[in-house]
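K.L.:
Okay, here's the structure, questions in a sec.
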Amino acid sequence: MAERVFMKGCEAIAEAATRAGCRFFAGYPITPQNEIPEYFARRMPEVGGTFVQGESEVASVNMLYGAVATGIRAMSSSSSCGISLYSEGVSYMAAARCPAVYVNVQRGGPGIGAIQPAQQDYLQATKASGNGGFKMIVLAPSTVQECVDMTYEAFDLAERDENPVLVLTDGVMGTMMEPVILPPMKSDAEVAEIRAKQAHRAVIGHAIGDQHTCEPGGIGDGWEKHNIETAAMYNTWDKDVRVEEFMMDDAEIVLAAYGISARISKVIVKELRKEGIKAGLIRPITVSPFPYDTFAKLDPAKVKGILDVEMSIPAQMRFDIDHAICGRIPVKECLRSGGQLLTNDQVMAGARELIKEVL
Amino acid sequence: MERNLMIAGFGGQGVMTMGKLLAEATCEATDLNVSFFPSYGAAMRGGTANCFVVISDEEIGAPVSYALEDLVVMNGPSLHKFLPTLKAGGNLFINSTIVTDEITRDDVKVISAPVTQMALDINNPRALNVIMLGVYVGATDAVPADVIIKGIEHKFEKKPKLIQPNIDAFNMGLEIGKAQK
């Protein structure tokens, strides 16, 4: 087994991408994700890759668009207000079916917000990362190890679907250090092979002969054809839904959380169990596609209440929970926001309030 | 068992390095889970810097806590700002060269060492953090002392001249910590 190393979340993401065969990174500095471009700046020349500090986020995301159009594995990263500037580029890559990977290390918002960690981009990330109603697989790691594993895998998913993939993390995980075991480094031959498979898209971003553009004034299936095709692709994602159900078999109180909030909630579930309270955790690992079925199948005769734990005020994941629960089980919230971090004690206090109300 | 520690002081006193050394050494030489989380922001010169280290034999939840088992304060402002976050019965480590204010709580255990002066006395003024790490490990047994010695050897692999002076500084602190256990 590979040795465990102590790494910062941002650096671990950059190393994992390099090991997955990423050979191009473009980005623009913003806290709290600066260690990602910093690491790439040092690492890319070592593996014959290219690092570019773009003149802006808009330039960087379009460099990513250009790079993935050549078939190379490429990545970018930013944080919250920077990610807002990515909207156009990401939408264009979804239109051109480009397998780009990008990372949002979330900070407080809206606007320039706070440089400290938050989870305030959930709805943007899962519902509308740009215009036009496209969807993406959005992976939500809750440990530095998962940051590594999900970044490594994101490239495979992006290429399988010819669609952008977003890794949605936050400033806690980006900044904190934890032990990780790194995945194997893909060889130059493997990297070349991956690129050859993508070569059909050449520099126009489309498979040749498969352009979807609609001539102005023309009558035809044009973009609707594209929309129908991508919708069919999104419909295959049921198999990609990932969720952790922890101590859910007999749970009466359910904590629901993703990312940083989930790892805190898990500790609280264990604490409550020690007191004899039947608590459980549902942790969406893919926040898109969302594990609606896991919530929908909850039995109101058994589950007395759900606590939605998020670092966002107002709550955002709550919309997806409500969509699945349809009012059958009471849902309460435990929230911090704007760069203020949740701690174990605050989540425990939130859980106790819910327990008092429903048990 | 989970144990959480905050180290706070002026920028430049090596509080981040101290936390990182403890956490990294624990990662390398034990099977324990460990996290390191630095505070950062629009810091000003002479302002406070701090970091959190959590060590646990179970999965770690929040890497940040305001109900601390252990608090290391290297300067006065940190004492006033963070003393309320220490749990009753917790350990308060004081750099007594600089922190001379009265401790306003009597429900915590105070362990003090004049680490700034000690570092000056051994002509190694930057080693105050390593001395304090010795005090911390000596008083708490948070990790075995060997773990940190191995960590120092690894950290200074490329600057072997610095290994022995840092081990000496660590051992000096270790004795003080043990004496106040």
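Chain lettering (A, B, ...) mirrors the order of the structure tokens, residue numbering begins at 1 for each chain separately, and ligand numbering begins at 1 in order of display.
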Check every residue of chain B for an atom within 12 Å of chain A, counting only C-alpha atoms, and provide those that qualify as JSON, numbers by chain.
P.N.:
{"B": [1, 2, 4, 16, 19, 20, 21, 22, 23, 24, 25, 26, 27, 28, 29, 30, 31, 32, 33, 34, 35, 36, 37, 38, 39, 40, 41, 42, 43, 51, 52, 53, 54, 55, 56, 58, 59, 60, 61, 62, 63, 64, 65, 66, 67, 68, 85, 151]}
K.L.:
Env of B:Gly12: 10 Å cut, atoms = only C-alpha atoms, seq-sep filter 2 positions within chain, self excluded. Answer as JSON, numbers by chain.
P.N.:
{"B": [9, 10, 14, 15, 16, 17, 45, 46, 47, 48, 49, 126]}
K.L.:
Show me, as an NGL selection string, the residues that have an atom within 12 Å of B:Gly76 when counting only C-alpha atoms, minus same-chain residues fewer than 4 positions from it.
P.N.:
:B and (8-10 or 46-48 or 72 or 80-83 or 94-103)
K.L.:
Could you pull out the strand (DSSP E) residues of stretch 60-166 of chain A from DSSP and send them as a list in words?
P.N.:
Ala74, Met75, Ser76, Ser77, Ser78, Val101, Tyr102, Val103, Asn104, Val105, Gln106, Arg107, Gly108, Ala114, Ile115, Gln116, Pro117, Ile137, Val138, Leu139, Val165 and Leu166 of chain A
K.L.:
Okay, now the selection with N, CA and C atoms, as an mmCIF file, in the first residue's frame?
P.N.:
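Generated file (result.cif):
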data_model
loop_
_atom_site.group_PDB
_atom_site.id
_atom_site.type_symbol
_atom_site.label_atom_id
_atom_site.label_comp_id
_atom_site.auth_asym_id
_atom_site.auth_seq_id
_atom_site.Cartn_x
_atom_site.Cartn_y
_atom_site.Cartn_z
ATOM 1 N N ALA A 74 -7.217 18.680 -18.980
ATOM 2 C CA ALA A 74 -6.940 20.030 -18.510
ATOM 3 C C ALA A 74 -7.887 20.376 -17.373
ATOM 4 N N MET A 75 -7.469 21.329 -16.564
ATOM 5 C CA MET A 75 -8.247 21.669 -15.384
ATOM 6 C C MET A 75 -8.118 23.147 -15.058
ATOM 7 N N SER A 76 -9.062 23.663 -14.294
ATOM 8 C CA SER A 76 -8.948 24.996 -13.728
ATOM 9 C C SER A 76 -9.582 24.979 -12.339
ATOM 10 N N SER A 77 -9.317 26.030 -11.583
ATOM 11 C CA SER A 77 -9.944 26.137 -10.263
ATOM 12 C C SER A 77 -10.130 27.603 -9.936
ATOM 13 N N SER A 78 -11.107 27.867 -9.066
ATOM 14 C CA SER A 78 -11.314 29.224 -8.580
ATOM 15 C C SER A 78 -12.143 29.119 -7.303
ATOM 16 N N VAL A 101 -12.553 19.666 -16.405
ATOM 17 C CA VAL A 101 -12.701 19.492 -14.953
ATOM 18 C C VAL A 101 -12.374 20.821 -14.298
ATOM 19 N N TYR A 102 -13.214 21.267 -13.373
ATOM 20 C CA TYR A 102 -12.854 22.455 -12.608
ATOM 21 C C TYR A 102 -13.296 22.319 -11.162
ATOM 22 N N VAL A 103 -12.660 23.120 -10.327
ATOM 23 C CA VAL A 103 -12.829 22.988 -8.882
ATOM 24 C C VAL A 103 -13.289 24.328 -8.315
ATOM 25 N N ASN A 104 -14.307 24.272 -7.450
ATOM 26 C CA ASN A 104 -14.729 25.469 -6.726
ATOM 27 C C ASN A 104 -14.407 25.278 -5.249
ATOM 28 N N VAL A 105 -13.431 26.030 -4.752
ATOM 29 C CA VAL A 105 -13.091 26.007 -3.324
ATOM 30 C C VAL A 105 -13.896 27.149 -2.702
ATOM 31 N N GLN A 106 -15.097 26.806 -2.207
ATOM 32 C CA GLN A 106 -16.073 27.849 -1.861
ATOM 33 C C GLN A 106 -15.645 28.739 -0.689
ATOM 34 N N ARG A 107 -15.995 30.025 -0.830
ATOM 35 C CA ARG A 107 -15.822 30.998 0.242
ATOM 36 C C ARG A 107 -17.148 31.739 0.438
ATOM 37 N N GLY A 108 -17.158 32.670 1.407
ATOM 38 C CA GLY A 108 -18.400 33.369 1.722
ATOM 39 C C GLY A 108 -18.868 34.268 0.587
ATOM 40 N N ALA A 114 -16.599 36.883 1.689
ATOM 41 C CA ALA A 114 -15.527 36.741 2.668
ATOM 42 C C ALA A 114 -14.518 35.751 2.123
ATOM 43 N N ILE A 115 -13.262 35.911 2.521
ATOM 44 C CA ILE A 115 -12.260 34.962 2.021
ATOM 45 C C ILE A 115 -12.284 33.655 2.807
ATOM 46 N N GLN A 116 -13.045 33.637 3.907
ATOM 47 C CA GLN A 116 -13.105 32.416 4.708
ATOM 48 C C GLN A 116 -14.091 31.413 4.101
ATOM 49 N N PRO A 117 -13.983 30.151 4.539
ATOM 50 C CA PRO A 117 -14.773 29.076 3.925
ATOM 51 C C PRO A 117 -16.281 29.222 4.097
ATOM 52 N N ILE A 137 -22.124 16.592 -13.578
ATOM 53 C CA ILE A 137 -21.871 15.809 -12.366
ATOM 54 C C ILE A 137 -21.062 16.702 -11.432
ATOM 55 N N VAL A 138 -21.541 16.837 -10.198
ATOM 56 C CA VAL A 138 -20.857 17.670 -9.196
ATOM 57 C C VAL A 138 -20.495 16.789 -8.000
ATOM 58 N N LEU A 139 -19.206 16.659 -7.760
ATOM 59 C CA LEU A 139 -18.692 15.794 -6.698
ATOM 60 C C LEU A 139 -18.370 16.631 -5.470
ATOM 61 N N VAL A 165 -17.152 18.481 -15.529
ATOM 62 C CA VAL A 165 -17.378 17.947 -14.177
ATOM 63 C C VAL A 165 -16.827 18.957 -13.180
ATOM 64 N N LEU A 166 -17.613 19.199 -12.128
ATOM 65 C CA LEU A 166 -17.204 20.152 -11.091
ATOM 66 C C LEU A 166 -16.906 19.415 -9.791
#
K.L.:
Neighbouring residues of B:Leu133 were defined as those with any atom within 8 Å, considering only C-alpha atoms; residues of the same chain fewer than 6 positions away were excluded. Please report them as a PDB file with N, CA, C and O atoms, in the first residue's frame.
P.N.:
ATOM      1  N   MET B  18       5.050  25.164  14.300  1.00  0.00           N
ATOM      2  CA  MET B  18       4.907  24.278  15.460  1.00  0.00           C
ATOM      3  C   MET B  18       3.739  23.315  15.265  1.00  0.00           C
ATOM      4  O   MET B  18       3.861  22.108  15.477  1.00  0.00           O
ATOM      5  N   LEU B  22       4.034  19.141  14.598  1.00  0.00           N
ATOM      6  CA  LEU B  22       3.303  18.177  15.433  1.00  0.00           C
ATOM      7  C   LEU B  22       2.407  17.289  14.569  1.00  0.00           C
ATOM      8  O   LEU B  22       2.407  16.063  14.689  1.00  0.00           O
ATOM      9  N   PHE B 170      13.989  20.860  21.600  1.00  0.00           N
ATOM     10  CA  PHE B 170      12.784  20.084  21.912  1.00  0.00           C
ATOM     11  C   PHE B 170      12.928  19.397  23.271  1.00  0.00           C
ATOM     12  O   PHE B 170      12.031  19.465  24.120  1.00  0.00           O
ATOM     13  N   GLY B 173      12.516  21.666  26.271  1.00  0.00           N
ATOM     14  CA  GLY B 173      11.104  21.922  26.562  1.00  0.00           C
ATOM     15  C   GLY B 173      10.441  20.710  27.193  1.00  0.00           C
ATOM     16  O   GLY B 173       9.635  20.825  28.120  1.00  0.00           O
ATOM     17  N   LEU B 174      10.805  19.536  26.685  1.00  0.00           N
ATOM     18  CA  LEU B 174      10.212  18.280  27.157  1.00  0.00           C
ATOM     19  C   LEU B 174      10.389  18.144  28.674  1.00  0.00           C
ATOM     20  O   LEU B 174       9.445  17.776  29.385  1.00  0.00           O
TER      21      LEU B 174
END
K.L.:
Please identify which residues in stretch 24-162 of chain B DSSP calls alpha helix (DSSP H) from the backbone, and express them as an NGL selection string.
P.N.:
:B and (24-29 or 76-82 or 115-121 or 128-140 or 145-155)
K.L.:
With C-alpha atoms retained, could you export that selection as a PDB file, in the first residue's frame?
P.N.:
ATOM      1  CA  GLU B  24       3.073  16.030  10.153  1.00  0.00           C
ATOM      2  CA  ALA B  25       5.140  13.971  12.603  1.00  0.00           C
ATOM      3  CA  THR B  26       1.949  12.360  13.907  1.00  0.00           C
ATOM      4  CA  CYS B  27       0.902  11.500  10.342  1.00  0.00           C
ATOM      5  CA  GLU B  28       4.275   9.952   9.542  1.00  0.00           C
ATOM      6  CA  ALA B  29       4.994   7.981  12.692  1.00  0.00           C
ATOM      7  CA  GLY B  76      -0.479  38.643  25.295  1.00  0.00           C
ATOM      8  CA  PRO B  77      -3.204  39.385  22.730  1.00  0.00           C
ATOM      9  CA  SER B  78      -3.672  35.647  22.122  1.00  0.00           C
ATOM     10  CA  LEU B  79      -4.215  35.029  25.818  1.00  0.00           C
ATOM     11  CA  HIS B  80      -7.054  37.539  26.005  1.00  0.00           C
ATOM     12  CA  LYS B  81      -8.614  36.516  22.718  1.00  0.00           C
ATOM     13  CA  PHE B  82      -8.573  32.740  23.140  1.00  0.00           C
ATOM     14  CA  VAL B 115      10.516  29.997  25.726  1.00  0.00           C
ATOM     15  CA  THR B 116      11.528  33.287  24.078  1.00  0.00           C
ATOM     16  CA  GLN B 117      14.274  33.811  26.699  1.00  0.00           C
ATOM     17  CA  MET B 118      15.338  30.166  26.583  1.00  0.00           C
ATOM     18  CA  ALA B 119      15.728  30.322  22.813  1.00  0.00           C
ATOM     19  CA  LEU B 120      17.862  33.474  23.140  1.00  0.00           C
ATOM     20  CA  ASP B 121      19.976  31.806  25.853  1.00  0.00           C
ATOM     21  CA  LEU B 128      11.098  29.077  20.671  1.00  0.00           C
ATOM     22  CA  ASN B 129       8.360  27.111  18.940  1.00  0.00           C
ATOM     23  CA  VAL B 130      10.277  23.837  19.088  1.00  0.00           C
ATOM     24  CA  ILE B 131      10.959  24.386  22.805  1.00  0.00           C
ATOM     25  CA  MET B 132       7.235  25.014  23.333  1.00  0.00           C
ATOM     26  CA  LEU B 133       6.385  21.869  21.370  1.00  0.00           C
ATOM     27  CA  GLY B 134       8.625  20.005  23.829  1.00  0.00           C
ATOM     28  CA  VAL B 135       6.782  21.560  26.770  1.00  0.00           C
ATOM     29  CA  TYR B 136       3.459  20.566  25.209  1.00  0.00           C
ATOM     30  CA  VAL B 137       4.445  16.954  24.526  1.00  0.00           C
ATOM     31  CA  GLY B 138       6.143  16.635  27.937  1.00  0.00           C
ATOM     32  CA  ALA B 139       3.071  17.829  29.815  1.00  0.00           C
ATOM     33  CA  THR B 140       0.368  16.068  27.777  1.00  0.00           C
ATOM     34  CA  ALA B 145       8.404  12.221  22.160  1.00  0.00           C
ATOM     35  CA  ASP B 146      10.071   9.923  19.572  1.00  0.00           C
ATOM     36  CA  VAL B 147       7.395  10.873  17.072  1.00  0.00           C
ATOM     37  CA  ILE B 148       8.489  14.517  17.180  1.00  0.00           C
ATOM     38  CA  ILE B 149      12.210  13.642  17.110  1.00  0.00           C
ATOM     39  CA  LYS B 150      11.616  11.601  13.954  1.00  0.00           C
ATOM     40  CA  GLY B 151       9.579  14.509  12.584  1.00  0.00           C
ATOM     41  CA  ILE B 152      12.448  16.944  13.218  1.00  0.00           C
ATOM     42  CA  GLU B 153      14.907  14.578  11.508  1.00  0.00           C
ATOM     43  CA  HIS B 154      12.591  14.345   8.517  1.00  0.00           C
ATOM     44  CA  LYS B 155      11.821  18.053   8.358  1.00  0.00           C
TER      45      LYS B 155
END
K.L.:
At a cut-off of 10 Å, using only C-alpha atoms, what residues contact stretch 295-309 of chain A? Leave out same-chain residues fewer than 6 positions from it and give the result as an mmCIF file with N, CA and C atoms, in the first residue's frame.
P.N.:
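So the final result, stored in around39.cif, reads:
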data_model
loop_
_atom_site.group_PDB
_atom_site.id
_atom_site.type_symbol
_atom_site.label_atom_id
_atom_site.label_comp_id
_atom_site.auth_asym_id
_atom_site.auth_seq_id
_atom_site.Cartn_x
_atom_site.Cartn_y
_atom_site.Cartn_z
ATOM 1 N N MET A 248 -28.121 4.448 9.443
ATOM 2 C CA MET A 248 -29.482 4.821 9.037
ATOM 3 C C MET A 248 -30.510 3.721 9.287
ATOM 4 N N ASP A 249 -30.073 2.498 9.576
ATOM 5 C CA ASP A 249 -31.007 1.363 9.640
ATOM 6 C C ASP A 249 -32.196 1.618 10.566
ATOM 7 N N ASP A 250 -31.909 2.149 11.765
ATOM 8 C CA ASP A 250 -32.998 2.351 12.732
ATOM 9 C C ASP A 250 -33.106 3.833 13.125
ATOM 10 N N ALA A 251 -32.580 4.739 12.270
ATOM 11 C CA ALA A 251 -32.458 6.147 12.663
ATOM 12 C C ALA A 251 -33.821 6.822 12.826
ATOM 13 N N GLU A 252 -33.953 7.585 13.912
ATOM 14 C CA GLU A 252 -35.156 8.392 14.137
ATOM 15 C C GLU A 252 -34.880 9.867 13.861
ATOM 16 N N ILE A 253 -33.610 10.227 14.017
ATOM 17 C CA ILE A 253 -33.171 11.593 13.745
ATOM 18 C C ILE A 253 -32.121 11.521 12.639
ATOM 19 N N VAL A 254 -32.327 12.272 11.564
ATOM 20 C CA VAL A 254 -31.399 12.191 10.435
ATOM 21 C C VAL A 254 -30.721 13.537 10.212
ATOM 22 N N LEU A 255 -29.387 13.524 10.245
ATOM 23 C CA LEU A 255 -28.639 14.713 9.851
ATOM 24 C C LEU A 255 -28.343 14.586 8.362
ATOM 25 N N ALA A 256 -28.561 15.668 7.606
ATOM 26 C CA ALA A 256 -28.299 15.659 6.168
ATOM 27 C C ALA A 256 -27.284 16.748 5.875
ATOM 28 N N ALA A 257 -26.155 16.359 5.282
ATOM 29 C CA ALA A 257 -25.095 17.333 5.036
ATOM 30 C C ALA A 257 -24.145 16.807 3.982
ATOM 31 N N TYR A 258 -23.470 17.726 3.285
ATOM 32 C CA TYR A 258 -22.435 17.320 2.322
ATOM 33 C C TYR A 258 -21.135 18.040 2.685
ATOM 34 N N ILE A 260 -17.779 19.543 4.054
ATOM 35 C CA ILE A 260 -17.264 19.835 5.389
ATOM 36 C C ILE A 260 -18.328 19.639 6.467
ATOM 37 N N SER A 261 -19.569 20.045 6.184
ATOM 38 C CA SER A 261 -20.640 19.922 7.179
ATOM 39 C C SER A 261 -20.934 18.460 7.493
ATOM 40 N N ALA A 262 -20.712 17.578 6.512
ATOM 41 C CA ALA A 262 -21.027 16.159 6.708
ATOM 42 C C ALA A 262 -20.037 15.506 7.664
ATOM 43 N N ILE A 264 -18.488 16.862 10.071
ATOM 44 C CA ILE A 264 -18.813 17.321 11.418
ATOM 45 C C ILE A 264 -20.066 16.583 11.913
ATOM 46 N N SER A 265 -21.067 16.481 11.028
ATOM 47 C CA SER A 265 -22.332 15.829 11.403
ATOM 48 C C SER A 265 -22.112 14.371 11.787
ATOM 49 N N LYS A 278 -31.166 7.432 18.575
ATOM 50 C CA LYS A 278 -31.011 6.780 17.272
ATOM 51 C C LYS A 278 -30.850 7.831 16.184
ATOM 52 N N ALA A 279 -29.617 8.250 15.974
ATOM 53 C CA ALA A 279 -29.319 9.265 14.963
ATOM 54 C C ALA A 279 -28.623 8.618 13.773
ATOM 55 N N GLY A 280 -28.779 9.226 12.615
ATOM 56 C CA GLY A 280 -28.116 8.742 11.402
ATOM 57 C C GLY A 280 -27.731 9.913 10.524
ATOM 58 N N LEU A 281 -26.938 9.613 9.495
ATOM 59 C CA LEU A 281 -26.478 10.663 8.579
ATOM 60 C C LEU A 281 -26.738 10.249 7.139
ATOM 61 N N ILE A 282 -27.276 11.179 6.351
ATOM 62 C CA ILE A 282 -27.299 11.005 4.893
ATOM 63 C C ILE A 282 -26.364 12.042 4.304
ATOM 64 N N ALA A 315 -30.393 28.403 3.782
ATOM 65 C CA ALA A 315 -30.041 27.042 3.380
ATOM 66 C C ALA A 315 -30.268 26.864 1.882
ATOM 67 N N GLN A 316 -29.464 26.008 1.250
ATOM 68 C CA GLN A 316 -29.592 25.778 -0.185
ATOM 69 C C GLN A 316 -29.905 24.309 -0.516
ATOM 70 N N MET A 317 -29.173 23.379 0.113
ATOM 71 C CA MET A 317 -29.444 21.960 -0.147
ATOM 72 C C MET A 317 -30.862 21.601 0.302
ATOM 73 N N ARG A 318 -31.379 22.404 1.230
ATOM 74 C CA ARG A 318 -32.753 22.250 1.723
ATOM 75 C C ARG A 318 -33.759 22.080 0.575
ATOM 76 N N ASP A 320 -33.394 20.589 -2.289
ATOM 77 C CA ASP A 320 -33.374 19.209 -2.787
ATOM 78 C C ASP A 320 -33.977 18.249 -1.770
ATOM 79 N N ILE A 321 -33.700 18.514 -0.481
ATOM 80 C CA ILE A 321 -34.275 17.657 0.564
ATOM 81 C C ILE A 321 -35.800 17.777 0.534
ATOM 82 N N ASP A 322 -36.284 19.025 0.509
ATOM 83 C CA ASP A 322 -37.737 19.254 0.483
ATOM 84 C C ASP A 322 -38.386 18.606 -0.742
ATOM 85 N N HIS A 323 -37.682 18.671 -1.866
ATOM 86 C CA HIS A 323 -38.195 18.105 -3.111
ATOM 87 C C HIS A 323 -38.441 16.603 -2.949
ATOM 88 N N ALA A 324 -37.572 15.945 -2.187
ATOM 89 C CA ALA A 324 -37.706 14.499 -1.991
ATOM 90 C C ALA A 324 -38.668 14.158 -0.850
ATOM 91 N N ILE A 325 -38.688 14.999 0.186
ATOM 92 C CA ILE A 325 -39.468 14.685 1.396
ATOM 93 C C ILE A 325 -40.931 15.126 1.260
ATOM 94 N N CYS A 326 -41.163 16.189 0.482
ATOM 95 C CA CYS A 326 -42.523 16.691 0.241
ATOM 96 C C CYS A 326 -43.322 16.897 1.526
ATOM 97 N N GLY A 327 -42.668 17.378 2.581
ATOM 98 C CA GLY A 327 -43.391 17.716 3.807
ATOM 99 C C GLY A 327 -43.785 16.529 4.671
ATOM 100 N N ARG A 328 -43.369 15.304 4.308
ATOM 101 C CA ARG A 328 -43.772 14.123 5.078
ATOM 102 C C ARG A 328 -43.070 14.036 6.433
ATOM 103 N N ILE A 329 -41.868 14.640 6.522
ATOM 104 C CA ILE A 329 -41.066 14.597 7.755
ATOM 105 C C ILE A 329 -40.611 16.026 8.046
ATOM 106 N N PRO A 330 -40.679 16.472 9.327
ATOM 107 C CA PRO A 330 -40.212 17.840 9.618
ATOM 108 C C PRO A 330 -38.721 18.014 9.298
ATOM 109 N N VAL A 331 -38.397 19.129 8.652
ATOM 110 C CA VAL A 331 -36.993 19.444 8.341
ATOM 111 C C VAL A 331 -36.616 20.739 9.053
ATOM 112 N N LYS A 332 -35.535 20.688 9.853
ATOM 113 C CA LYS A 332 -35.010 21.888 10.515
ATOM 114 C C LYS A 332 -33.620 22.178 9.959
ATOM 115 N N GLU A 333 -33.087 23.348 10.290
ATOM 116 C CA GLU A 333 -31.791 23.737 9.727
ATOM 117 C C GLU A 333 -30.784 24.052 10.826
ATOM 118 N N CYS A 334 -29.517 23.764 10.548
ATOM 119 C CA CYS A 334 -28.412 24.170 11.417
ATOM 120 C C CYS A 334 -27.386 24.827 10.498
ATOM 121 N N LEU A 335 -27.267 26.149 10.562
ATOM 122 C CA LEU A 335 -26.536 26.874 9.535
ATOM 123 C C LEU A 335 -25.516 27.859 10.105
ATOM 124 N N ARG A 336 -24.398 28.013 9.432
ATOM 125 C CA ARG A 336 -23.506 29.161 9.588
ATOM 126 C C ARG A 336 -23.242 29.667 8.178
ATOM 127 N N LEU A 342 -18.851 26.146 10.975
ATOM 128 C CA LEU A 342 -19.566 25.261 11.890
ATOM 129 C C LEU A 342 -18.554 24.502 12.739
ATOM 130 N N VAL A 347 -23.242 21.984 15.793
ATOM 131 C CA VAL A 347 -24.082 20.964 15.169
ATOM 132 C C VAL A 347 -24.786 20.151 16.259
ATOM 133 N N GLY A 350 -27.699 22.144 17.461
ATOM 134 C CA GLY A 350 -28.772 22.079 16.465
ATOM 135 C C GLY A 350 -29.527 20.758 16.551
ATOM 136 N N ALA A 351 -28.761 19.678 16.709
ATOM 137 C CA ALA A 351 -29.382 18.354 16.799
ATOM 138 C C ALA A 351 -30.237 18.266 18.062
ATOM 139 N N GLU A 353 -31.802 20.608 19.645
ATOM 140 C CA GLU A 353 -33.040 21.385 19.465
ATOM 141 C C GLU A 353 -34.082 20.581 18.689
ATOM 142 N N LEU A 354 -33.607 19.933 17.615
ATOM 143 C CA LEU A 354 -34.514 19.118 16.804
ATOM 144 C C LEU A 354 -35.074 17.964 17.634
ATOM 145 N N ILE A 355 -34.195 17.321 18.402
ATOM 146 C CA ILE A 355 -34.606 16.182 19.230
ATOM 147 C C ILE A 355 -35.684 16.613 20.228
ATOM 148 N N GLU A 357 -37.786 18.948 19.905
ATOM 149 C CA GLU A 357 -39.053 19.235 19.225
ATOM 150 C C GLU A 357 -39.784 17.990 18.747
ATOM 151 N N VAL A 358 -39.049 16.995 18.273
ATOM 152 C CA VAL A 358 -39.728 15.896 17.567
ATOM 153 C C VAL A 358 -39.707 14.552 18.284
ATOM 154 N N LEU A 359 -38.796 14.361 19.238
ATOM 155 C CA LEU A 359 -38.756 13.026 19.888
ATOM 156 C C LEU A 359 -39.579 13.013 21.173
#
K.L.:
Quick one: residues within 9 Å of A:Tyr65, only C-alpha atoms, excluding same-chain residues fewer than 3 positions away - as a PyMOL selection string?
P.N.:
chain A and resi 60-62+68-69+74+89-90+92-93+98-100+205
K.L.:
Write the residues of the selection above to a file with C-alpha atoms, as a PDB file, in the first residue's frame.
P.N.:
ATOM      1  CA  SER A  60      -8.609  31.298 -17.770  1.00  0.00           C
ATOM      2  CA  VAL A  61     -11.846  29.397 -18.294  1.00  0.00           C
ATOM      3  CA  ASN A  62     -11.640  30.025 -22.022  1.00  0.00           C
ATOM      4  CA  VAL A  68      -9.679  20.386 -23.590  1.00  0.00           C
ATOM      5  CA  ALA A  69     -10.782  20.906 -27.197  1.00  0.00           C
ATOM      6  CA  ALA A  74      -6.940  20.030 -18.510  1.00  0.00           C
ATOM      7  CA  GLY A  89     -17.061  29.494 -20.353  1.00  0.00           C
ATOM      8  CA  VAL A  90     -18.559  26.494 -18.570  1.00  0.00           C
ATOM      9  CA  TYR A  92     -19.876  27.025 -23.754  1.00  0.00           C
ATOM     10  CA  MET A  93     -17.935  23.883 -22.813  1.00  0.00           C
ATOM     11  CA  CYS A  98     -15.924  19.395 -23.771  1.00  0.00           C
ATOM     12  CA  PRO A  99     -14.686  17.133 -20.961  1.00  0.00           C
ATOM     13  CA  ALA A 100     -13.316  19.863 -18.681  1.00  0.00           C
ATOM     14  CA  GLY A 205     -14.582  21.549 -29.702  1.00  0.00           C
TER      15      GLY A 205
END
K.L.:
Considering only C-alpha atoms, return as number ranges by chain whatever protein or nucleic-acid residues lie within 9 Å of A:Phe290, sequence-local ones (same chain, fewer than 5 positions apart) excluded.
P.N.:
A: 126, 241-243, 284-285, 320
K.L.:
Can I get the selection written as a compact mmCIF listing (two decimals), in the first residue's frame, with all heavy atoms?
P.N.:
# COMPACT_ATOMS: atom_id res chain seq x y z
N THR A 126 -25.18 23.12 -8.56
CA THR A 126 -25.96 21.94 -8.92
C THR A 126 -27.08 22.23 -9.91
O THR A 126 -27.58 21.31 -10.55
CB THR A 126 -26.61 21.31 -7.66
OG1 THR A 126 -27.42 22.31 -7.02
CG2 THR A 126 -25.55 20.82 -6.68
N VAL A 241 -25.33 8.22 -9.05
CA VAL A 241 -25.69 8.82 -7.75
C VAL A 241 -24.89 8.12 -6.66
O VAL A 241 -24.86 6.89 -6.59
CB VAL A 241 -27.20 8.65 -7.46
CG1 VAL A 241 -27.51 9.10 -6.03
CG2 VAL A 241 -28.01 9.44 -8.46
N ARG A 242 -24.22 8.94 -5.85
CA ARG A 242 -23.45 8.36 -4.74
C ARG A 242 -23.87 9.03 -3.45
O ARG A 242 -24.01 10.25 -3.38
CB ARG A 242 -21.97 8.59 -4.97
CG ARG A 242 -21.30 7.36 -5.55
CD ARG A 242 -19.85 7.62 -5.77
NE ARG A 242 -19.62 7.98 -7.15
CZ ARG A 242 -18.44 8.38 -7.61
NH1 ARG A 242 -17.42 8.50 -6.80
NH2 ARG A 242 -18.29 8.67 -8.88
N VAL A 243 -24.07 8.23 -2.43
CA VAL A 243 -24.54 8.75 -1.15
C VAL A 243 -23.99 7.86 -0.05
O VAL A 243 -23.89 6.64 -0.22
CB VAL A 243 -26.08 8.84 -1.13
CG1 VAL A 243 -26.71 7.47 -1.34
CG2 VAL A 243 -26.59 9.47 0.15
N PRO A 284 -24.93 13.26 0.77
CA PRO A 284 -24.80 13.21 -0.68
C PRO A 284 -23.32 13.38 -1.06
O PRO A 284 -22.68 14.33 -0.62
CB PRO A 284 -25.63 14.42 -1.17
CG PRO A 284 -26.55 14.73 -0.02
CD PRO A 284 -25.78 14.37 1.21
N ILE A 285 -22.79 12.42 -1.80
CA ILE A 285 -21.41 12.50 -2.28
C ILE A 285 -21.41 13.14 -3.67
O ILE A 285 -20.57 13.97 -3.98
CB ILE A 285 -20.76 11.10 -2.30
CG1 ILE A 285 -20.74 10.54 -0.88
CG2 ILE A 285 -19.35 11.16 -2.89
CD1 ILE A 285 -20.34 9.07 -0.78
N ASP A 320 -33.39 20.59 -2.29
CA ASP A 320 -33.37 19.21 -2.79
C ASP A 320 -33.98 18.25 -1.77
O ASP A 320 -34.66 17.29 -2.15
CB ASP A 320 -31.94 18.79 -3.13
CG ASP A 320 -31.49 19.39 -4.46
OD1 ASP A 320 -32.34 19.57 -5.35
OD2 ASP A 320 -30.29 19.68 -4.61
